[in-house]
Amino acid sequence: MQKKNEYIIMENVSKYYTTDTGTVHALDNFNESIREGELVCLLGPSGCGKSTLLWGIGGLKEMSGGTIRIDGKVVDKPQENIGLVFQEPNLLPWRTVMENVLLPFQIKKLDPNQSPYKETIEYLFEVTKLKGYENKYPRELSGGMQQRAALIRALAYNPSVLLLDEPFAALDVLTREAMNMLIMKLWEDTQKTICFVTHNIVEAVLTADRIFVMTPGPGRLLKTFKIDLPRPRTLDMQTDHKFLKYVDEIKESIGKQEVEA
Amino acid sequence: MSNHSSVQHLGQAGEALKKNSIAGRKKKDLMLFAAFTVIVIAIVELVIRGLKVPVWIIPAPSKVAVETITNFHHILPHLGITLMEIVLGYILGAIVGVSLAALFYRYEILDKLLTPYILLMVATPMVSLVPLLMLWLGFSPLTKIIAVVLGSFPVILINSALGFKSTDPKRIALGKSLCATEGQIFRMIIFPGALPAIFTGLIIGGIFAIITAIGAEFAGGGSGLGSRILYYSSLMQTPLVFGIIIILALMGVSIYLFISWLAQRYTRWYGN
């Protein structure tokens, strides 16, 4: 591992919940790191703690043990430098698409008309093909368009880290593939560090530099896969021998765990 | 791009068409209703005249209209007082209701300890407190305004608090992920999201405000439309009693329509 480039460092990260029936170990002693500008997938079946870890990196969930550092700083509260995209688009229905995109600017008291935000917003609307929809309300958009609007909102204020919490799980396969390509395009253009939670193996192999495969009960890191496929990646690669080999290997490593492919 | 915008124009045109046809249908419905009302009034007029019903039992509509218009200068000051009591009491009730709901949302302990009492206030007709209020505060309109506040704020509070509490936790997480302060989350996420529930409270609260105001005027004091109903019926001036009841009905409908209009304006995003 290249020590100098490590950007997000997770050391012995644990999380347990106490319920009436006992303690649930959501995440057990997780150790890994993500390099600056890397696209990493957290992959695993439900209950493996992948979302818990993501919310921990975002500072939205307090961990029970261990430390998470971003750029040397210990994460103990929500971070200014992070954009988060949720499972649902989570747009505010009383705001238009543009008003939703400007929400972070109002909260952070930034001026969206200033450089580089103005150019960033313009670029994002362009690349997500939402130009012309700025003044539409979320209910007037399809699910895929709403999730794209959520992506614009998460990236408009130029955070250096983008956290994706299974953002495409509710979309149909074709839309999901288009979204995967969009994520990679955004990543190549903006050089963000991306942490992408998914339970879809194909999606993970298609997009990731490395995949942290996790298993449940208790949630822990099973194995890290380095995906050595050329960039830019294309949808055609999904039928390549090498691609399929990665998918098989990951499936095998997870074993009997049921994973939707 | 051009494809997008043309699709959009089509969409807008379609929407405009739809709006026009809805407006057209509404206009038609309204005309039908007006015609029906005229016919009903005409029938009532004819029946009452034909059966020679004594005017102090049920006056003919024409008699009600003439008497009310010729005596309107006597009624007007009372209408002003009643309207003032309702509007001031209701606005205060709305402010108290929504503010307390925000406090209850922020401090859960208040919610737990006080909500049962608020529910008790919703269930108890606040008019029943008026004789006590008169005893403590006298017969002035202020007493009635306080009664209106007491009558309207509990139901506004309950609905607003429910609106605040049913905020989707994902939306609050969104605010937190953007490092929003508690105040920002309330202003930008919780409050706007609760508007439909708040307006439900405001509409019911408006009805409660009118009932309480008229009830309070029945209970005491020589001013206001409620007191005029008692006064004219004691003089067997039945046409004027009917006239005031109609004025009250129109007032109630106006307040209801106004709040509904506000609700539509500010919660158009909701429901679809």
# chains A, B, ... in the order shown; residues from 1 in each chain; ligands from 1

call {"tool": "interface_residues", "arguments": {"of": "chain A", "to": "chain B", "cutoff": "6 Å", "atoms": "only C-alpha atoms", "output": "PDB file with N, CA and C atoms, in the first residue's frame"}}
result
ATOM      1  N   PRO A  78     -20.059  15.554  11.479  1.00  0.00           N
ATOM      2  CA  PRO A  78     -20.211  15.697  10.031  1.00  0.00           C
ATOM      3  C   PRO A  78     -19.110  16.568   9.426  1.00  0.00           C
ATOM      4  N   TRP A  94     -40.514  20.448  -1.935  1.00  0.00           N
ATOM      5  CA  TRP A  94     -41.032  21.812  -2.104  1.00  0.00           C
ATOM      6  C   TRP A  94     -40.003  22.716  -2.790  1.00  0.00           C
ATOM      7  N   ILE A 107     -26.871  26.500   3.386  1.00  0.00           N
ATOM      8  CA  ILE A 107     -26.444  25.996   4.692  1.00  0.00           C
ATOM      9  C   ILE A 107     -25.011  26.417   4.987  1.00  0.00           C
TER      10      ILE A 107
END

call {"tool": "select_by_dssp", "arguments": {"residues": "range 5-215 of chain A", "states": "strand (DSSP E)", "output": "PyMOL selection string"}}
result
chain A and resi 6-19+22-35+39-43+65-70+73-74+82-85+161-165+193-198+210-215

call {"tool": "atom_distance", "arguments": {"atom1": "CA of Asn159 in chain B", "atom2": "CA of Ala94 in chain B"}}
result
11.2 Å

call {"tool": "residues_around", "arguments": {"residues": "Ile201 in chain A", "least_positions_apart": "5", "cutoff": "12 Å", "atoms": "only C-alpha atoms", "output": "number ranges by chain"}}
result
A: 41-45, 196, 206-208, 211-214, 225, 227, 238, 243-254, 258-261

call {"tool": "write_last_selection", "arguments": {"atoms": "N, CA and C atoms", "output": "CSV table (one decimal), in the first residue's frame"}}
result
chain,number,residue,atom,x,y,z
A,41,CYS,N,-15.2,0.5,-3.8
A,41,CYS,CA,-16.6,0.0,-3.5
A,41,CYS,C,-16.6,-0.8,-2.2
A,42,LEU,N,-17.6,-0.5,-1.3
A,42,LEU,CA,-17.8,-1.4,-0.2
A,42,LEU,C,-18.9,-2.3,-0.6
A,43,LEU,N,-18.6,-3.6,-0.7
A,43,LEU,CA,-19.5,-4.6,-1.3
A,43,LEU,C,-19.9,-5.7,-0.2
A,44,GLY,N,-21.1,-6.0,-0.2
A,44,GLY,CA,-21.5,-7.1,0.7
A,44,GLY,C,-23.0,-7.2,0.9
A,45,PRO,N,-23.5,-8.3,1.4
A,45,PRO,CA,-24.9,-8.5,1.6
A,45,PRO,C,-25.5,-7.6,2.7
A,196,PHE,N,-18.1,4.0,-2.5
A,196,PHE,CA,-19.4,3.6,-3.2
A,196,PHE,C,-19.9,2.3,-2.5
A,206,LEU,N,-17.4,-3.2,-12.2
A,206,LEU,CA,-17.4,-2.2,-13.3
A,206,LEU,C,-16.7,-0.9,-12.9
A,207,THR,N,-17.0,-0.5,-11.7
A,207,THR,CA,-16.6,0.9,-11.4
A,207,THR,C,-15.3,1.0,-10.6
A,208,ALA,N,-15.0,0.0,-9.7
A,208,ALA,CA,-14.0,0.2,-8.6
A,208,ALA,C,-12.6,0.0,-9.0
A,211,ILE,N,-12.1,-3.2,-4.3
A,211,ILE,CA,-13.4,-3.5,-3.7
A,211,ILE,C,-13.1,-4.1,-2.3
A,212,PHE,N,-13.7,-3.5,-1.3
A,212,PHE,CA,-13.7,-4.1,0.1
A,212,PHE,C,-14.9,-5.0,0.2
A,213,VAL,N,-14.6,-6.3,0.2
A,213,VAL,CA,-15.7,-7.2,0.3
A,213,VAL,C,-16.0,-7.5,1.8
A,214,MET,N,-17.2,-7.3,2.2
A,214,MET,CA,-17.6,-7.4,3.6
A,214,MET,C,-18.6,-8.5,3.8
A,225,PHE,N,-10.2,-6.7,-3.0
A,225,PHE,CA,-9.9,-7.0,-4.3
A,225,PHE,C,-9.4,-5.8,-5.1
A,227,ILE,N,-9.1,-4.3,-8.7
A,227,ILE,CA,-9.7,-4.6,-10.0
A,227,ILE,C,-8.8,-4.0,-11.0
A,238,GLN,N,-18.2,-6.0,-19.4
A,238,GLN,CA,-18.9,-6.9,-18.5
A,238,GLN,C,-18.9,-8.3,-19.0
A,243,PHE,N,-13.2,-9.8,-16.5
A,243,PHE,CA,-14.3,-9.2,-15.7
A,243,PHE,C,-15.1,-10.3,-15.0
A,244,LEU,N,-15.4,-11.3,-15.8
A,244,LEU,CA,-16.2,-12.4,-15.2
A,244,LEU,C,-15.4,-13.2,-14.1
A,245,LYS,N,-14.1,-13.2,-14.3
A,245,LYS,CA,-13.3,-13.9,-13.4
A,245,LYS,C,-13.4,-13.2,-12.0
A,246,TYR,N,-13.3,-11.9,-12.1
A,246,TYR,CA,-13.4,-11.1,-10.8
A,246,TYR,C,-14.7,-11.3,-10.2
A,247,VAL,N,-15.8,-11.3,-11.0
A,247,VAL,CA,-17.1,-11.5,-10.4
A,247,VAL,C,-17.2,-12.9,-9.7
A,248,ASP,N,-16.7,-13.9,-10.4
A,248,ASP,CA,-16.7,-15.3,-9.8
A,248,ASP,C,-15.9,-15.3,-8.5
A,249,GLU,N,-14.7,-14.8,-8.6
A,249,GLU,CA,-13.8,-14.8,-7.4
A,249,GLU,C,-14.5,-14.2,-6.2
A,250,ILE,N,-15.2,-13.0,-6.4
A,250,ILE,CA,-15.8,-12.3,-5.3
A,250,ILE,C,-17.0,-13.1,-4.8
A,251,LYS,N,-17.8,-13.7,-5.8
A,251,LYS,CA,-18.9,-14.5,-5.4
A,251,LYS,C,-18.4,-15.7,-4.5
A,252,GLU,N,-17.3,-16.3,-5.0
A,252,GLU,CA,-16.8,-17.4,-4.2
A,252,GLU,C,-16.4,-17.0,-2.8
A,253,SER,N,-15.7,-15.9,-2.7
A,253,SER,CA,-15.2,-15.4,-1.4
A,253,SER,C,-16.3,-15.2,-0.5
A,254,ILE,N,-17.4,-14.7,-1.0
A,254,ILE,CA,-18.5,-14.4,-0.1
A,254,ILE,C,-19.2,-15.8,0.3
A,258,GLU,N,-26.0,-15.0,0.3
A,258,GLU,CA,-26.8,-14.6,-0.9
A,258,GLU,C,-26.6,-13.2,-1.3
A,259,VAL,N,-26.1,-13.1,-2.5
A,259,VAL,CA,-25.9,-11.7,-3.0
A,259,VAL,C,-26.5,-11.6,-4.3
A,260,GLU,N,-27.2,-10.5,-4.5
A,260,GLU,CA,-27.9,-10.2,-5.7
A,260,GLU,C,-26.8,-9.8,-6.7
A,261,ALA,N,-26.8,-10.4,-7.9
A,261,ALA,CA,-25.8,-10.0,-8.9
A,261,ALA,C,-26.4,-9.2,-10.0

call {"tool": "select_by_dssp", "arguments": {"residues": "range 110-239 of chain B", "states": "alpha helix (DSSP H)", "output": "NGL selection string"}}
result
:B and (110-123 or 130-137 or 141-165 or 169-177 or 182-185 or 191-219 or 225-234 or 238-239)

call {"tool": "residues_around", "arguments": {"residues": "Gly215 in chain B", "least_positions_apart": "2", "cutoff": "10 Å", "atoms": "only C-alpha atoms", "output": "NGL selection string"}}
result
:B and (125-128 or 130 or 144 or 147-148 or 209-213 or 217-220 or 226-227)

call {"tool": "atom_distance", "arguments": {"atom1": "CA of Gly58 in chain A", "atom2": "CA of Pro218 in chain A"}}
result
21.3 Å

call {"tool": "closest_residue", "arguments": {"among": "B:Leu150, B:Leu30, B:Leu250, B:Ile190", "to": "Leu92 in chain B", "atoms": "only C-alpha atoms"}}
result
B:Leu150

call {"tool": "residues_around", "arguments": {"residues": "Val253 in chain B", "least_positions_apart": "6", "cutoff": "12 Å", "atoms": "only C-alpha atoms", "output": "list in words"}}
result
Ile203, Gly206, Ile207, Ile210, Ile246, Ile247, Ile259, Ser260 and Trp261 of chain B

call {"tool": "atom_distance", "arguments": {"atom1": "CA of Tyr231 in chain B", "atom2": "CA of Phe72 in chain B"}}
result
14.9 Å

call {"tool": "residues_around", "arguments": {"residues": "Thr128 in chain A", "least_positions_apart": "5", "cutoff": "12 Å", "atoms": "only C-alpha atoms", "output": "PDB file with N, CA and C atoms, in the first residue's frame"}}
result
ATOM      1  N   ILE A 121     -21.438  23.947 -11.122  1.00  0.00           N
ATOM      2  CA  ILE A 121     -22.875  23.686 -11.240  1.00  0.00           C
ATOM      3  C   ILE A 121     -23.249  23.539 -12.715  1.00  0.00           C
ATOM      4  N   GLU A 122     -22.722  24.439 -13.533  1.00  0.00           N
ATOM      5  CA  GLU A 122     -23.010  24.394 -14.965  1.00  0.00           C
ATOM      6  C   GLU A 122     -22.557  23.048 -15.561  1.00  0.00           C
ATOM      7  N   TYR A 123     -21.312  22.670 -15.220  1.00  0.00           N
ATOM      8  CA  TYR A 123     -20.751  21.404 -15.702  1.00  0.00           C
ATOM      9  C   TYR A 123     -21.622  20.226 -15.270  1.00  0.00           C
ATOM     10  N   TYR A 133     -33.995  21.402 -16.835  1.00  0.00           N
ATOM     11  CA  TYR A 133     -34.886  20.890 -15.784  1.00  0.00           C
ATOM     12  C   TYR A 133     -34.677  21.609 -14.453  1.00  0.00           C
ATOM     13  N   GLU A 134     -33.913  22.710 -14.483  1.00  0.00           N
ATOM     14  CA  GLU A 134     -33.560  23.398 -13.242  1.00  0.00           C
ATOM     15  C   GLU A 134     -34.788  23.809 -12.447  1.00  0.00           C
ATOM     16  N   GLY A 144     -34.486   8.049 -12.045  1.00  0.00           N
ATOM     17  CA  GLY A 144     -33.096   8.225 -12.447  1.00  0.00           C
ATOM     18  C   GLY A 144     -32.694   9.696 -12.486  1.00  0.00           C
ATOM     19  N   MET A 145     -33.603  10.533 -12.991  1.00  0.00           N
ATOM     20  CA  MET A 145     -33.312  11.967 -13.050  1.00  0.00           C
ATOM     21  C   MET A 145     -33.202  12.543 -11.640  1.00  0.00           C
ATOM     22  N   GLN A 146     -34.083  12.074 -10.746  1.00  0.00           N
ATOM     23  CA  GLN A 146     -34.022  12.564  -9.368  1.00  0.00           C
ATOM     24  C   GLN A 146     -32.678  12.209  -8.730  1.00  0.00           C
ATOM     25  N   GLN A 147     -32.217  10.972  -8.990  1.00  0.00           N
ATOM     26  CA  GLN A 147     -30.946  10.561  -8.386  1.00  0.00           C
ATOM     27  C   GLN A 147     -29.791  11.356  -8.998  1.00  0.00           C
ATOM     28  N   ARG A 148     -29.919  11.714 -10.282  1.00  0.00           N
ATOM     29  CA  ARG A 148     -28.895  12.554 -10.897  1.00  0.00           C
ATOM     30  C   ARG A 148     -28.891  13.945 -10.272  1.00  0.00           C
ATOM     31  N   ALA A 149     -30.090  14.458  -9.988  1.00  0.00           N
ATOM     32  CA  ALA A 149     -30.177  15.764  -9.319  1.00  0.00           C
ATOM     33  C   ALA A 149     -29.517  15.688  -7.936  1.00  0.00           C
ATOM     34  N   ALA A 150     -29.716  14.539  -7.264  1.00  0.00           N
ATOM     35  CA  ALA A 150     -29.093  14.361  -5.943  1.00  0.00           C
ATOM     36  C   ALA A 150     -27.565  14.346  -6.073  1.00  0.00           C
ATOM     37  N   LEU A 151     -27.084  13.773  -7.173  1.00  0.00           N
ATOM     38  CA  LEU A 151     -25.636  13.766  -7.435  1.00  0.00           C
ATOM     39  C   LEU A 151     -25.105  15.193  -7.623  1.00  0.00           C
ATOM     40  N   ILE A 152     -25.874  15.996  -8.380  1.00  0.00           N
ATOM     41  CA  ILE A 152     -25.460  17.390  -8.569  1.00  0.00           C
ATOM     42  C   ILE A 152     -25.378  18.085  -7.212  1.00  0.00           C
ATOM     43  N   ARG A 153     -26.420  17.864  -6.375  1.00  0.00           N
ATOM     44  CA  ARG A 153     -26.446  18.512  -5.063  1.00  0.00           C
ATOM     45  C   ARG A 153     -25.221  18.120  -4.243  1.00  0.00           C
ATOM     46  N   LEU A 155     -22.273  17.233  -5.287  1.00  0.00           N
ATOM     47  CA  LEU A 155     -20.975  17.609  -5.859  1.00  0.00           C
ATOM     48  C   LEU A 155     -20.827  19.110  -6.110  1.00  0.00           C
ATOM     49  N   ALA A 178     -26.337   3.227 -16.879  1.00  0.00           N
ATOM     50  CA  ALA A 178     -26.071   4.607 -17.299  1.00  0.00           C
ATOM     51  C   ALA A 178     -25.509   5.412 -16.123  1.00  0.00           C
ATOM     52  N   MET A 179     -26.065   5.160 -14.924  1.00  0.00           N
ATOM     53  CA  MET A 179     -25.605   5.882 -13.742  1.00  0.00           C
ATOM     54  C   MET A 179     -24.171   5.489 -13.396  1.00  0.00           C
ATOM     55  N   ASN A 180     -23.834   4.206 -13.567  1.00  0.00           N
ATOM     56  CA  ASN A 180     -22.458   3.770 -13.295  1.00  0.00           C
ATOM     57  C   ASN A 180     -21.475   4.484 -14.224  1.00  0.00           C
ATOM     58  N   MET A 181     -21.860   4.599 -15.498  1.00  0.00           N
ATOM     59  CA  MET A 181     -21.004   5.301 -16.441  1.00  0.00           C
ATOM     60  C   MET A 181     -20.868   6.769 -16.043  1.00  0.00           C
ATOM     61  N   LEU A 182     -21.993   7.339 -15.591  1.00  0.00           N
ATOM     62  CA  LEU A 182     -21.985   8.744 -15.178  1.00  0.00           C
ATOM     63  C   LEU A 182     -21.040   8.951 -13.991  1.00  0.00           C
ATOM     64  N   ILE A 183     -21.121   8.027 -13.015  1.00  0.00           N
ATOM     65  CA  ILE A 183     -20.253   8.138 -11.837  1.00  0.00           C
ATOM     66  C   ILE A 183     -18.788   8.121 -12.267  1.00  0.00           C
ATOM     67  N   LYS A 185     -17.546   8.899 -15.191  1.00  0.00           N
ATOM     68  CA  LYS A 185     -17.244  10.128 -15.941  1.00  0.00           C
ATOM     69  C   LYS A 185     -16.984  11.276 -14.948  1.00  0.00           C
ATOM     70  N   LEU A 186     -17.881  11.398 -13.964  1.00  0.00           N
ATOM     71  CA  LEU A 186     -17.722  12.460 -12.961  1.00  0.00           C
ATOM     72  C   LEU A 186     -16.407  12.288 -12.211  1.00  0.00           C
TER      73      LEU A 186
END

call {"tool": "residues_around", "arguments": {"residues": "Asp165 in chain A", "least_positions_apart": "4", "cutoff": "6 Å", "atoms": "only C-alpha atoms", "output": "count of residues only"}}
result
3
